[in-house]
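*Asks:* Structure below; questions to follow.
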Amino acid sequence: MHFVPHTDAEIADMLASMGLSSLDELFDAVPAALRLAGGLDLEPGLAEADVAGRFDDYAAANRPVGRSLVCFAGAGAYDHDIPSVVGRLAYRSEFVTAYTPYQPEVAQGVLQALFEYQTLVCRLFGTDVANASLYDGASATVEAVNLAVAATGRQEVWVSRGLHPHWRQVLATMAVGTGHQLVDVALDDGLTNWPVDGAPGAIVVQSPNHLGCLEDVGAAGELARRLGALLVVATDPVSAGLLKSPGSLGADVVVGEGQPFGASLSLGGPYLGLFACRREHVRRLPGRLVGETVDTEGRRAYVTTLRTREQDIRREKASSNVCTNQTLMAVAFLVHLSWLGTSGLRELALRCARGTRYCREALLAIDGVEPLAGAPVLREFAVRTPVPADVVVARMAEEGFLAGVALGEEYDAGLLVAVTEKRTKAEIDAFAGALEKVVR
Amino acid sequence: MHFVPHTDAEIADMLASMGLSSLDELFDAVPAALRLAGGLDLEPGLAEADVAGRFDDYAAANRPVGRSLVCFAGAGAYDHDIPSVVGRLAYRSEFVTAYTPYQPEVAQGVLQALFEYQTLVCRLFGTDVANASLYDGASATVEAVNLAVAATGRQEVWVSRGLHPHWRQVLATMAVGTGHQLVDVALDDGLTNWPVDGAPGAIVVQSPNHLGCLEDVGAAGELARRLGALLVVATDPVSAGLLKSPGSLGADVVVGEGQPFGASLSLGGPYLGLFACRREHVRRLPGRLVGETVDTEGRRAYVTTLRTREQDIRREKASSNVCTNQTLMAVAFLVHLSWLGTSGLRELALRCARGTRYCREALLAIDGVEPLAGAPVLREFAVRTPVPADVVVARMAEEGFLAGVALGEEYDAGLLVAVTEKRTKAEIDAFAGALEKVVR
Amino acid sequence: MTAAGPGGKATSAPLMGRDPEPTLFELSSPGRVASNFRTTGVPEWAAEELVPAAHLREAPAPIAEISERDLVAHMTRLSHRQFSVDLGAYPLGSCTMKYNPKLCDDAVARAGLADVHPAAPASLTQGWMALLTDLESALCRITGMAAATLQPPAGAAGELTGLLLMRAFHGAAGEDRRRRRVLIPDSAHGTNPASVTLGGYEVTQVPSDDRGCVDLDALAARLDDDVAGIMLTNPNTLGLFEEDIVAIAGAVHGVGGLLYYDGANLNAILGVTRPGDMGFDIVHMNLHKTFAVPHGGGGPGAGPVAVTERLSSYLPGPRPEAAGDGTYAWVEPERSIGRIHSWHGNALALARAWSYILANGGDGLRRVSDAAVLNANWLRHQLRGTYDIPYDRPCMHEFVASATNLKRAGGLRALDVAKRMLEEGFHAPTTYFPLIVEEALMIEPTETESPQTLAALAQALREIAGDTAEEGHAAPRTSPVGRVDEARAARRLVPTWDARSDA
Amino acid sequence: MTAAGPGGKATSAPLMGRDPEPTLFELSSPGRVASNFRTTGVPEWAAEELVPAAHLREAPAPIAEISERDLVAHMTRLSHRQFSVDLGAYPLGSCTMKYNPKLCDDAVARAGLADVHPAAPASLTQGWMALLTDLESALCRITGMAAATLQPPAGAAGELTGLLLMRAFHGAAGEDRRRRRVLIPDSAHGTNPASVTLGGYEVTQVPSDDRGCVDLDALAARLDDDVAGIMLTNPNTLGLFEEDIVAIAGAVHGVGGLLYYDGANLNAILGVTRPGDMGFDIVHMNLHKTFAVPHGGGGPGAGPVAVTERLSSYLPGPRPEAAGDGTYAWVEPERSIGRIHSWHGNALALARAWSYILANGGDGLRRVSDAAVLNANWLRHQLRGTYDIPYDRPCMHEFVASATNLKRAGGLRALDVAKRMLEEGFHAPTTYFPLIVEEALMIEPTETESPQTLAALAQALREIAGDTAEEGHAAPRTSPVGRVDEARAARRLVPTWDARSDA
Ligand SMILES: Cc1ncc(COP(=O)(O)O)c(C=O)c1O
Ligand SMILES: Cc1ncc(COP(=O)(O)O)c(C=O)c1O
């Protein structure tokens, strides 16, 4: 099928009105030598029902989490309940099929939603400004580092090994272009062991970190201030339900992966890069920023603002190249978080923490299962297993569990286990029982 | 969970402003003896996720049609492809969460959709007016008979046994109230064998009938005219893709089950009662009718009209008691049928007919499977099987097929098989293969 | 260029203008196609090879020829011309336009429910049968009844079912010829008398007393052994609880009649009292009111009917029943009045209501009534002095105000108030019903509107009351169309696009 | 009554008015709760038992306290203040606002796709890996490339990925220090130069000639062995096909540079010609433009990057690959530049695009370009004489008009034309881009708009051209808000609700 409305008669009419007699003539500017003979090497178009059939096949070849694969995996992608309102509101076609709000008069819907989203991100993170989203946690971290380097004029960047390894990999990929010098800072019993001296432009820490441990953000902030660096904190928005905000502990830039609010697991995307900072850095803010203003009649209105930072105006001198971002995911984040509300956010974090504690105790009671780190955790924890973690994950899948994420060698090949508010006591008990079996 | 927004403080404020101190006092008018002690005998409210869990359980205890239960059942409920636009448009919340359009100025959306729906129903059926829906095929037939009896003043109603047995049962249930005398008219080799003389007020025929056979609607029309009766034709809207319209063949009232356009199988509801008739009967039309008009500035507008027929105005003298109807299903019908369009409707009917022919031939090639009737069919046919039909259905379910509908004794206990555009040659071949096995 | 309307122009100018949206037929262009069909491999016989010539239509039925893109835009624009609960408060008395929780949409959007064929054998539909049986049991607990049928697809269908049950009951006693009257208060909803007629009964109207309730003396005067029963809603359509319900029940039962409860107002008394306790024998419920099934612009709904033990054997069949061994079977009640729906009722609507009941639970349902009644009374207090309140005493979930004072003072009628409400961003109350109140404004805020919304509603209604008749007549000025000419619609009937030229 | 905004009042008056919609924060009321949590049976430790005091926040983070009902109304009303493709034509040049087929929404709405954890072992994600591999193969066939990465989540991310590939390629030859410049035409999109900077390169701008294409002499003058490559879109941002592309490719390759194709305009040439055939080495595609992934008000999109054989070993990893035995594995390319996304890219957006490609097929995609180019040219013809058309020759999928003549004649600027379009029920074209055209109006009707819609668009644009400057400046008069004060927003920055008091 195709979605071109034109009938043959209409096409002929239109061509005739321009003095043309075939569609091919429209492409006269394309040199003959470049013309693709025989058309695209793709199968012919399928009917809607046939496409659905193909997608049924793909879906059937996956093993999604759910009743028959109970999820204990996290590592930045969490299996939370998503309330029905998210799908019904954020995915209304007015939001889905709009472009970036270039014409604010007919885009107040998206603009106001983003303004509210920015407000919520700032409230979570204890910051003054937040942008209207970046691609994901990794890209938000890259942009934060870019901001810090630009603000300090120093290219050395201290990166805690507690930062998600994929994000560190993306930082490394991008550093080839920017020339930043990344310094890997190791963990000690789950917490970053910072050097005491040096001249970094940015200090990057994640809390809770990749092992689930709560870092001493305040101390990192003091270190940054002492060394003249900016502190970049990566955090999990769910932790805002219980933990002090990075902003209140001295973070200059706060980033995060927004997935826990409104995004399904979806093999890792689309998720949502959260980005917020102190007001003094607003002119280096990457991406879009919505501000409140008024219209000609003085009515409250919203518009993207400080546009001169952006690539379409500043071009090679722009603070970032971001154009398309993850707006729709930001709207979903807004809806999910608003539905949770003040008390619900706390309750959510609390329930994750309770499940984590219960599960951790159950697992550590198993012979040969040992804690990987002693530092306190919130919603995720790492253990050493007598059998290699990837083998554990494979065997546990047979038992109906996605047991967690097998950590690489740099984390002692442990198993990272996450427990969300979805996990029942019965599931955790069964999980521990199965684990006991497979590690024997 | 519950959906009451009030906080305790707000409730206290509101009560105080009325001089009350407890919610219970609001119910002072309810005699103490009638008060329910201990509250409702229901479990406490569940969280959204828990409700979803319960519904997963219900769903898991059904065997829906699909890849693992390929559907060959019809009998008024057909397994058609429903294009994505139906769900995305008809179920927009503006349509879903509106009431009957009592305030036309803010209900032009539903009103215009119904006006367009009425137009399409009339085009399908060859009639002048259609209402904005009744509950289902059965209720539409009941209302058609009521109209015919009122118009002719005669209470005798000839009902073809080719009319869906459930619809005949509903006619019988309702006739106890109205006092109509229903006369059952038998089939002969699949077609109604009408008496030549009598004084019925209505003659009711279904075509294609319950055995899938095409009735001679024109002859029934002539009979009705000769005897002074009104001809009520029940039909399948899909058949309009290929067959002459009942209106063009002399039907006075045309009814049908709208399910094939826009409604999933859903254990039989909500479906949609189609109802249309000649213009001369418009003042006896049951239910709602939308008409075009203008607003104060002369702009085109729509409104429910001829309201004096309706129960809220005419009360005990109303032509029908219908109030809530199936508007949303009518909107879904509109979207599905508009998407099919003129050529698509024909193609749909043609594909059903082709599959039916192919399947019928394949089944009749099986030893011991015999045709139940010789009359031509369109999208459904009945066979006799060597094993009782209900046993066939049970055994075929094990093989992965919903084999059809086991007809009752009044139809020689045959098996009624329907083939829609969804059925592939491979599925039909497999179906025939499995049937051959289970009837051995 | 072929002749067709302006395809993708947002002529309804959703965000901005008041141009009409073209019809589907104006958007149609010959030869344009949106549809497509799956690959099947079935032989491609021609129509002539499949259908005898006598049956084959000469030309395809003209539907519309429109692109998917234009269809999407058309329907989306139409949706922007439609008020709904999801857009704002909808205090339409009797209609119970409360919030329809989104979780219920999702609960029923399961292939395991939606893709079940109604004629599939019971072995394949056990999940559905369990669900329906669970719902039936809950509805019986809520109403204080013994058994229920879920077949009736709406309230009116439930009423007729109830009357046929009455008839069967009296018939079993050989009294169906004698008992030919059904009593109905003058405040009753129009479906009640219409259903009585279809049930083969005569309507005897019972006047209300000056407190807005059934006049007991008038009732007594109309009771005789030719009375089959009485239909009541309690609270009644004035939003008032019939305090004498026990006496009424005694009187009606005294002459051998049955009591029918019109459940449209059941949302006022959830967990407070039950129709069964009041003495009712038959109860219908509008699941699309009390239990939040959305109204869909007019339907579908669901109107289950619950009855006392002595009437249960007359219920329509087949009914799903627990067999005791964990399985479910379809059972035909012994003396069933027969089927009243093509299949098993509006099953998905029933499932929605069940998800709503599960989510609320017993505690939540009581809270529904508490807040519904609280909101109605608070709003009534706010409007006192501004509008006439003919029966100004504690109401239940709704109350009836009247614009009679405004009409006398400045000519502003209930209709004008309603149209002005539309300008203020609210739906209008129900007007001119019940019939016994002049210039009636029947207001049901429902429990899901917050105190803040109520305050805004009250303020709007008070402001409107200060309007001149001219302002009122000019309303609504900001809606997609202005006041609609209803008389013309009836006079020059244009029921379809194709009838336009005649018009 | 507690202090909170008007909860359920349709204050945005969706069908009727121009009142502002209150914010979430104004709708909030202390203690109101919408959320609820499943029953788990997990012990209910207190926060203090779980989190060390040093980490525990003192007060909960203030979010909002709002009922589900008010949240639904709020977001629904906001949606009624938003123009979108589904409401009408959106001829926003370069952005390719075509119809986003609904079948794609449904295709990806499967638990079997949505509920897959990104860190699950490959054995559990074979369906996803098959899908991604199939998509990659199709994208390579469409662009004439050898391999692709699906990780980049948008076009700009694809650009940067491409530049890092360039860098790695030159680095392998030991040339990464020498090759420090990347050429970009002056008509390029802003992301191009910004990406070049982030890639660690310097931008050298190449002027366009008077036909709107790359000036070959100017190009030659800028080519040297310090050039890493050139970034081009073809057709370019004027909608013109760079006819000398083979010569350009020869020249750039001649100095050892690579050619980067900015695929934002790929929709013009599907099945007509391929970047690979033109000589490009690296191609990004905006799946949210050419392949109908909806833009979501600003994203998410997807920006896969395809490369020729010689660059494939540098692609980001891990990549899904068919193992040959019917299974799929994650593979790290030999000389990979590394990861550029947290996981595997915007997977659901990729899946959507794949469903779109499958539905269209090779034939349908060619039809996309045919109709897109037909529509653009037809509209260009219609506007001739009314608007300046600086490069008035056959265009591809879009063209750039200019309001310079109107500005000179009566003072009407491109901005005014844009705002007037909003009043007419259309979205505005892109304005003031590309930078080399004064008062630019960049118009891309796309292939999904019918001839009727085009005619309506042309008519509106012609009518607007006759307006006075006053009329233009007053526009838009019918939208939810009137012309917005952008200067004030920047001057008195209010980036959050909480910053309002400072403002
Ligand atoms: C009091 C009353 N009774 C009965 C009905 C009829 O119910 P339904 O519309 O579901 O047929 C209504 C509906 O408006 C009502 O308000
Ligand atoms: C020509 C051109 N190049 C690049 C881009 C950047 O793509 P994205 O917005 O996906 O990052 C765009 C987007 O508008 C574009 O039009």
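Chain labels A, B, ... are given in the sequence in which chains occur in the structure tokens; within each chain residues are numbered consecutively from 1, and ligands are likewise numbered from 1 in the order shown.
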Can you list, as a short mmCIF file (atom, residue, chain, number, x, y, z; two decimals) with N, CA and C atoms, in the first residue's frame, every residue of region 240-429 of chain A that DSSP puts in helix (DSSP H, G or I)?
*Replies:*
```
data_model
loop_
_atom_site.label_atom_id
_atom_site.label_comp_id
_atom_site.auth_asym_id
_atom_site.auth_seq_id
_atom_site.Cartn_x
_atom_site.Cartn_y
_atom_site.Cartn_z
N ALA A 240 14.73 10.72 43.22
CA ALA A 240 14.29 12.01 43.76
C ALA A 240 13.13 11.83 44.74
N GLY A 241 12.51 10.69 44.71
CA GLY A 241 11.43 10.43 45.66
C GLY A 241 11.92 10.33 47.10
N GLY A 247 21.15 19.06 43.01
CA GLY A 247 21.32 20.52 43.05
C GLY A 247 21.59 21.01 44.46
N SER A 248 20.87 20.44 45.41
CA SER A 248 21.05 20.89 46.80
C SER A 248 22.39 20.45 47.35
N LEU A 249 23.02 19.48 46.69
CA LEU A 249 24.31 18.97 47.18
C LEU A 249 25.48 19.55 46.41
N SER A 266 11.40 -1.25 25.48
CA SER A 266 11.61 -1.04 24.05
C SER A 266 13.05 -1.21 23.57
N LEU A 267 13.73 -2.19 24.04
CA LEU A 267 15.10 -2.44 23.61
C LEU A 267 16.00 -1.21 23.78
N GLY A 268 15.56 -0.26 24.59
CA GLY A 268 16.46 0.84 24.89
C GLY A 268 16.14 2.18 24.23
N ARG A 279 21.24 28.44 36.83
CA ARG A 279 20.83 29.48 35.91
C ARG A 279 22.00 30.17 35.22
N GLU A 280 23.12 30.26 35.94
CA GLU A 280 24.26 30.97 35.35
C GLU A 280 24.75 30.32 34.06
N HIS A 281 24.41 29.07 33.86
CA HIS A 281 24.88 28.37 32.65
C HIS A 281 23.85 28.36 31.53
N VAL A 282 22.77 29.10 31.71
CA VAL A 282 21.66 28.94 30.76
C VAL A 282 22.07 29.27 29.32
N ARG A 283 23.02 30.15 29.14
CA ARG A 283 23.39 30.49 27.77
C ARG A 283 24.28 29.45 27.11
N ARG A 284 24.68 28.47 27.89
CA ARG A 284 25.39 27.33 27.30
C ARG A 284 24.50 26.09 27.23
N ARG A 307 17.08 31.41 21.65
CA ARG A 307 17.31 30.60 20.47
C ARG A 307 18.69 30.84 19.86
N THR A 308 19.31 31.94 20.23
CA THR A 308 20.61 32.24 19.63
C THR A 308 21.69 31.25 20.05
N ARG A 309 21.42 30.43 21.09
CA ARG A 309 22.36 29.36 21.43
C ARG A 309 22.33 28.25 20.38
N GLN A 311 21.80 25.71 17.05
CA GLN A 311 22.57 25.48 15.83
C GLN A 311 21.99 26.19 14.61
N ASP A 312 20.67 26.34 14.55
CA ASP A 312 20.12 26.93 13.33
C ASP A 312 20.46 28.42 13.24
N ILE A 313 20.79 29.03 14.35
CA ILE A 313 21.16 30.44 14.31
C ILE A 313 22.68 30.60 14.48
N ARG A 314 23.23 29.90 15.47
CA ARG A 314 24.64 30.10 15.79
C ARG A 314 25.58 29.26 14.93
N ARG A 315 25.04 28.24 14.31
CA ARG A 315 25.79 27.38 13.40
C ARG A 315 27.08 26.84 14.04
N GLU A 316 28.22 27.01 13.41
CA GLU A 316 29.41 26.32 13.93
C GLU A 316 29.79 26.77 15.35
N LYS A 317 29.25 27.88 15.80
CA LYS A 317 29.59 28.33 17.16
C LYS A 317 28.53 27.91 18.18
N THR A 327 10.93 15.21 22.49
CA THR A 327 9.80 15.93 23.08
C THR A 327 8.65 15.02 23.52
N LEU A 328 8.28 14.11 22.67
CA LEU A 328 7.12 13.28 23.00
C LEU A 328 7.38 12.46 24.27
N MET A 329 8.62 12.04 24.44
CA MET A 329 8.96 11.29 25.65
C MET A 329 8.92 12.23 26.86
N ALA A 330 9.22 13.49 26.63
CA ALA A 330 9.13 14.47 27.71
C ALA A 330 7.66 14.67 28.11
N VAL A 331 6.79 14.65 27.13
CA VAL A 331 5.35 14.78 27.44
C VAL A 331 4.89 13.55 28.22
N ALA A 332 5.36 12.38 27.81
CA ALA A 332 5.00 11.16 28.53
C ALA A 332 5.54 11.20 29.97
N PHE A 333 6.75 11.69 30.11
CA PHE A 333 7.39 11.86 31.43
C PHE A 333 6.51 12.79 32.29
N LEU A 334 6.10 13.88 31.69
CA LEU A 334 5.24 14.85 32.39
C LEU A 334 3.96 14.18 32.88
N VAL A 335 3.33 13.42 32.02
CA VAL A 335 2.05 12.82 32.39
C VAL A 335 2.25 11.78 33.50
N HIS A 336 3.26 10.95 33.32
CA HIS A 336 3.49 9.91 34.32
C HIS A 336 3.82 10.53 35.69
N LEU A 337 4.70 11.49 35.67
CA LEU A 337 5.13 12.09 36.93
C LEU A 337 3.99 12.90 37.57
N SER A 338 3.20 13.57 36.77
CA SER A 338 2.06 14.32 37.31
C SER A 338 1.05 13.38 37.94
N TRP A 339 0.89 12.23 37.31
CA TRP A 339 -0.05 11.24 37.84
C TRP A 339 0.46 10.73 39.19
N LEU A 340 1.77 10.49 39.27
CA LEU A 340 2.34 10.06 40.55
C LEU A 340 2.13 11.15 41.59
N GLY A 341 2.45 12.35 41.19
CA GLY A 341 2.28 13.47 42.12
C GLY A 341 3.32 13.42 43.22
N THR A 342 3.24 14.40 44.10
CA THR A 342 4.22 14.54 45.16
C THR A 342 4.31 13.29 46.03
N SER A 343 3.19 12.82 46.50
CA SER A 343 3.24 11.67 47.40
C SER A 343 3.53 10.39 46.63
N GLY A 344 3.05 10.30 45.39
CA GLY A 344 3.25 9.07 44.61
C GLY A 344 4.70 8.87 44.24
N LEU A 345 5.40 9.95 43.99
CA LEU A 345 6.82 9.82 43.64
C LEU A 345 7.58 9.24 44.83
N ARG A 346 7.28 9.75 45.99
CA ARG A 346 7.95 9.23 47.19
C ARG A 346 7.58 7.77 47.39
N GLU A 347 6.32 7.47 47.25
CA GLU A 347 5.85 6.10 47.44
C GLU A 347 6.53 5.15 46.44
N LEU A 348 6.66 5.61 45.23
CA LEU A 348 7.30 4.78 44.20
C LEU A 348 8.73 4.45 44.60
N ALA A 349 9.47 5.48 44.98
CA ALA A 349 10.86 5.27 45.36
C ALA A 349 10.95 4.35 46.58
N LEU A 350 10.05 4.57 47.50
CA LEU A 350 10.03 3.77 48.72
C LEU A 350 9.76 2.30 48.39
N ARG A 351 8.82 2.07 47.52
CA ARG A 351 8.49 0.69 47.16
C ARG A 351 9.66 0.02 46.43
N CYS A 352 10.33 0.77 45.59
CA CYS A 352 11.51 0.20 44.93
C CYS A 352 12.55 -0.17 45.99
N ALA A 353 12.76 0.74 46.92
CA ALA A 353 13.78 0.52 47.96
C ALA A 353 13.41 -0.68 48.83
N ARG A 354 12.12 -0.81 49.14
CA ARG A 354 11.71 -1.94 49.97
C ARG A 354 11.93 -3.26 49.24
N GLY A 355 11.52 -3.29 47.99
CA GLY A 355 11.70 -4.52 47.21
C GLY A 355 13.17 -4.86 47.08
N THR A 356 13.97 -3.84 46.92
CA THR A 356 15.41 -4.05 46.77
C THR A 356 16.00 -4.65 48.04
N ARG A 357 15.63 -4.08 49.14
CA ARG A 357 16.12 -4.61 50.41
C ARG A 357 15.68 -6.06 50.60
N TYR A 358 14.40 -6.31 50.35
CA TYR A 358 13.88 -7.65 50.56
C TYR A 358 14.59 -8.65 49.65
N CYS A 359 14.76 -8.26 48.43
CA CYS A 359 15.37 -9.14 47.45
C CYS A 359 16.85 -9.35 47.77
N ARG A 360 17.49 -8.29 48.13
CA ARG A 360 18.93 -8.39 48.43
C ARG A 360 19.15 -9.37 49.58
N GLU A 361 18.32 -9.23 50.61
CA GLU A 361 18.47 -10.14 51.75
C GLU A 361 18.21 -11.58 51.33
N ALA A 362 17.21 -11.77 50.52
CA ALA A 362 16.86 -13.13 50.07
C ALA A 362 18.01 -13.72 49.26
N LEU A 363 18.62 -12.93 48.42
CA LEU A 363 19.70 -13.43 47.57
C LEU A 363 20.97 -13.70 48.38
N LEU A 364 21.25 -12.81 49.31
CA LEU A 364 22.48 -12.98 50.09
C LEU A 364 22.37 -14.17 51.04
N ALA A 389 28.01 -14.70 35.95
CA ALA A 389 26.74 -13.98 35.90
C ALA A 389 26.00 -14.20 34.58
N ASP A 390 26.72 -14.26 33.47
CA ASP A 390 25.99 -14.44 32.21
C ASP A 390 25.38 -15.84 32.11
N VAL A 391 26.02 -16.79 32.74
CA VAL A 391 25.43 -18.13 32.78
C VAL A 391 24.19 -18.11 33.68
N VAL A 392 24.29 -17.39 34.77
CA VAL A 392 23.14 -17.26 35.66
C VAL A 392 21.95 -16.67 34.89
N VAL A 393 22.22 -15.60 34.14
CA VAL A 393 21.14 -14.94 33.40
C VAL A 393 20.52 -15.92 32.39
N ALA A 394 21.37 -16.66 31.70
CA ALA A 394 20.86 -17.61 30.71
C ALA A 394 20.01 -18.70 31.37
N ARG A 395 20.53 -19.24 32.47
CA ARG A 395 19.77 -20.31 33.14
C ARG A 395 18.48 -19.79 33.75
N MET A 396 18.54 -18.59 34.30
CA MET A 396 17.35 -18.03 34.94
C MET A 396 16.25 -17.74 33.92
N ALA A 397 16.63 -17.44 32.70
CA ALA A 397 15.62 -17.21 31.67
C ALA A 397 14.77 -18.47 31.47
N GLU A 398 15.40 -19.60 31.56
CA GLU A 398 14.66 -20.87 31.46
C GLU A 398 13.67 -21.00 32.62
N GLU A 409 33.88 -7.31 33.31
CA GLU A 409 35.03 -7.59 34.16
C GLU A 409 35.38 -6.41 35.05
N GLU A 410 35.15 -5.18 34.52
CA GLU A 410 35.55 -4.03 35.34
C GLU A 410 34.72 -3.92 36.62
N TYR A 411 33.64 -4.68 36.69
CA TYR A 411 32.85 -4.72 37.92
C TYR A 411 32.86 -6.14 38.49
N LYS A 425 6.26 -9.86 46.56
CA LYS A 425 7.01 -10.73 47.46
C LYS A 425 7.07 -12.14 46.87
N ALA A 426 5.97 -12.60 46.33
CA ALA A 426 5.94 -13.96 45.78
C ALA A 426 6.94 -14.09 44.63
N GLU A 427 7.00 -13.07 43.80
CA GLU A 427 7.95 -13.13 42.68
C GLU A 427 9.39 -13.14 43.19
N ILE A 428 9.64 -12.31 44.19
CA ILE A 428 11.01 -12.25 44.73
C ILE A 428 11.38 -13.57 45.38
N ASP A 429 10.45 -14.14 46.11
CA ASP A 429 10.71 -15.43 46.73
C ASP A 429 11.01 -16.49 45.67
#
```
*Asks:* Identify, on the basis of only C-alpha atoms, every residue whose closest approach to region 56-63 of chain B does not exceed 12 Å; exclude the query and any residue fewer than 5 positions from it along the same chain; express the result as a VMD selection string.
*Replies:* (chain A and resid 66 to 67) or (chain B and resid 49 to 51 68 to 71 266 to 267 397 to 398 400 to 402) or (chain C and resid 106 to 118 120 to 134 326 to 328 351 354 to 355)
*Asks:* Please give the root-mean-square deviation of the Cα atoms once chain C has been least-squares fitted onto chain D, pairing every Cα in order.
*Replies:* 0.0 Å
*Asks:* Report as a Markdown table: every residue of chain B with an atom at most 8 Å from chain A, its closest pair of atoms, and their distance in Å to one decimal, counting only C-alpha atoms, with rows sorted by chain and ascending residue number.
*Replies:*
```
| residue | atom | partner | partner_atom | distance |
| --- | --- | --- | --- | --- |
| B:Glu48 | CA | A:Pro83 | CA | 7.3 |
| B:Ala49 | CA | A:Asp81 | CA | 7.0 |
| B:Asp81 | CA | A:Ala49 | CA | 7.0 |
| B:Pro83 | CA | A:Glu48 | CA | 7.3 |
```
*Asks:* Pull N, CA, C and O atoms from the residues just selected and write them as a compact mmCIF listing (two decimals), in the first residue's frame.
*Replies:*
```txt
# COMPACT_ATOMS: atom_id res chain seq x y z
N GLU B 48 -4.56 0.24 39.90
CA GLU B 48 -4.66 0.08 38.45
C GLU B 48 -3.92 -1.18 37.97
O GLU B 48 -4.44 -1.96 37.17
N ALA B 49 -2.72 -1.37 38.48
CA ALA B 49 -1.92 -2.51 38.03
C ALA B 49 -2.55 -3.83 38.47
O ALA B 49 -2.43 -4.84 37.78
N ASP B 81 -10.51 -7.94 9.12
CA ASP B 81 -9.44 -7.01 9.46
C ASP B 81 -10.05 -5.64 9.77
O ASP B 81 -10.89 -5.15 9.01
N PRO B 83 -8.91 -1.83 10.09
CA PRO B 83 -7.73 -0.99 9.86
C PRO B 83 -7.41 -0.13 11.08
O PRO B 83 -8.30 0.22 11.86
```
*Asks:* Return the single residue from B:Ala52, B:Phe27, B:Leu211, B:Gly39 that is closest to Ala359 (chain C), with distances computed using only C-alpha atoms.
*Replies:*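 Checking each of B:Ala52, B:Phe27, B:Leu211, B:Gly39 against Ala359 (chain C), counting only C-alpha atoms, the winner is B:Ala52.
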*Asks:* To one decimal in Å, tell me the separation between CA of Ala34 (chain C) and CA of Asp70 (chain C).
*Replies:* 9.5 Å
*Asks:* Between B:Glu94, B:Glu156, B:Asp184, B:Glu310, which is the closest to ligand 1 once you count only C-alpha atoms and all ligand atoms?
*Replies:*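 Smallest distance to ligand 1 is found for B:Glu310.
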*Asks:* Any idea what's packed within 8 Å of region 397-410 of chain C, counting only C-alpha atoms, ignoring anything in its chain fewer than 3 positions away? Could you give it as an MDAnalysis selection string?
*Replies:* chainID C and resid 93:94 238:240 265 267:268 369 372:377 380 387:391 413:414 417 437:446 465 468:469
*Asks:* Quick one: which residues from chain C are at most 10 Å off chain A, using only C-alpha atoms, as a VMD selection string?
*Replies:* chain C and resid 1 to 2 7 15 to 16 29 to 40 65 to 70 76 101 to 107
*Asks:* Just want the residues within 7 Å of ligand 2, written as a list of chain:residue names, counting only C-alpha atoms and all ligand atoms.
*Replies:* A:Val322, A:Cys323, A:Thr324, D:Ser94, D:Cys95, D:Ala154, D:Gly155, D:Ala156, D:Ala157, D:Ala188, D:His189, D:Thr191, D:Asn192, D:Thr233, D:Thr237, D:Asp262, D:Gly263, D:Ala264, D:Asn265, D:Asn286, D:Gly301, D:Ala302, D:Gly303
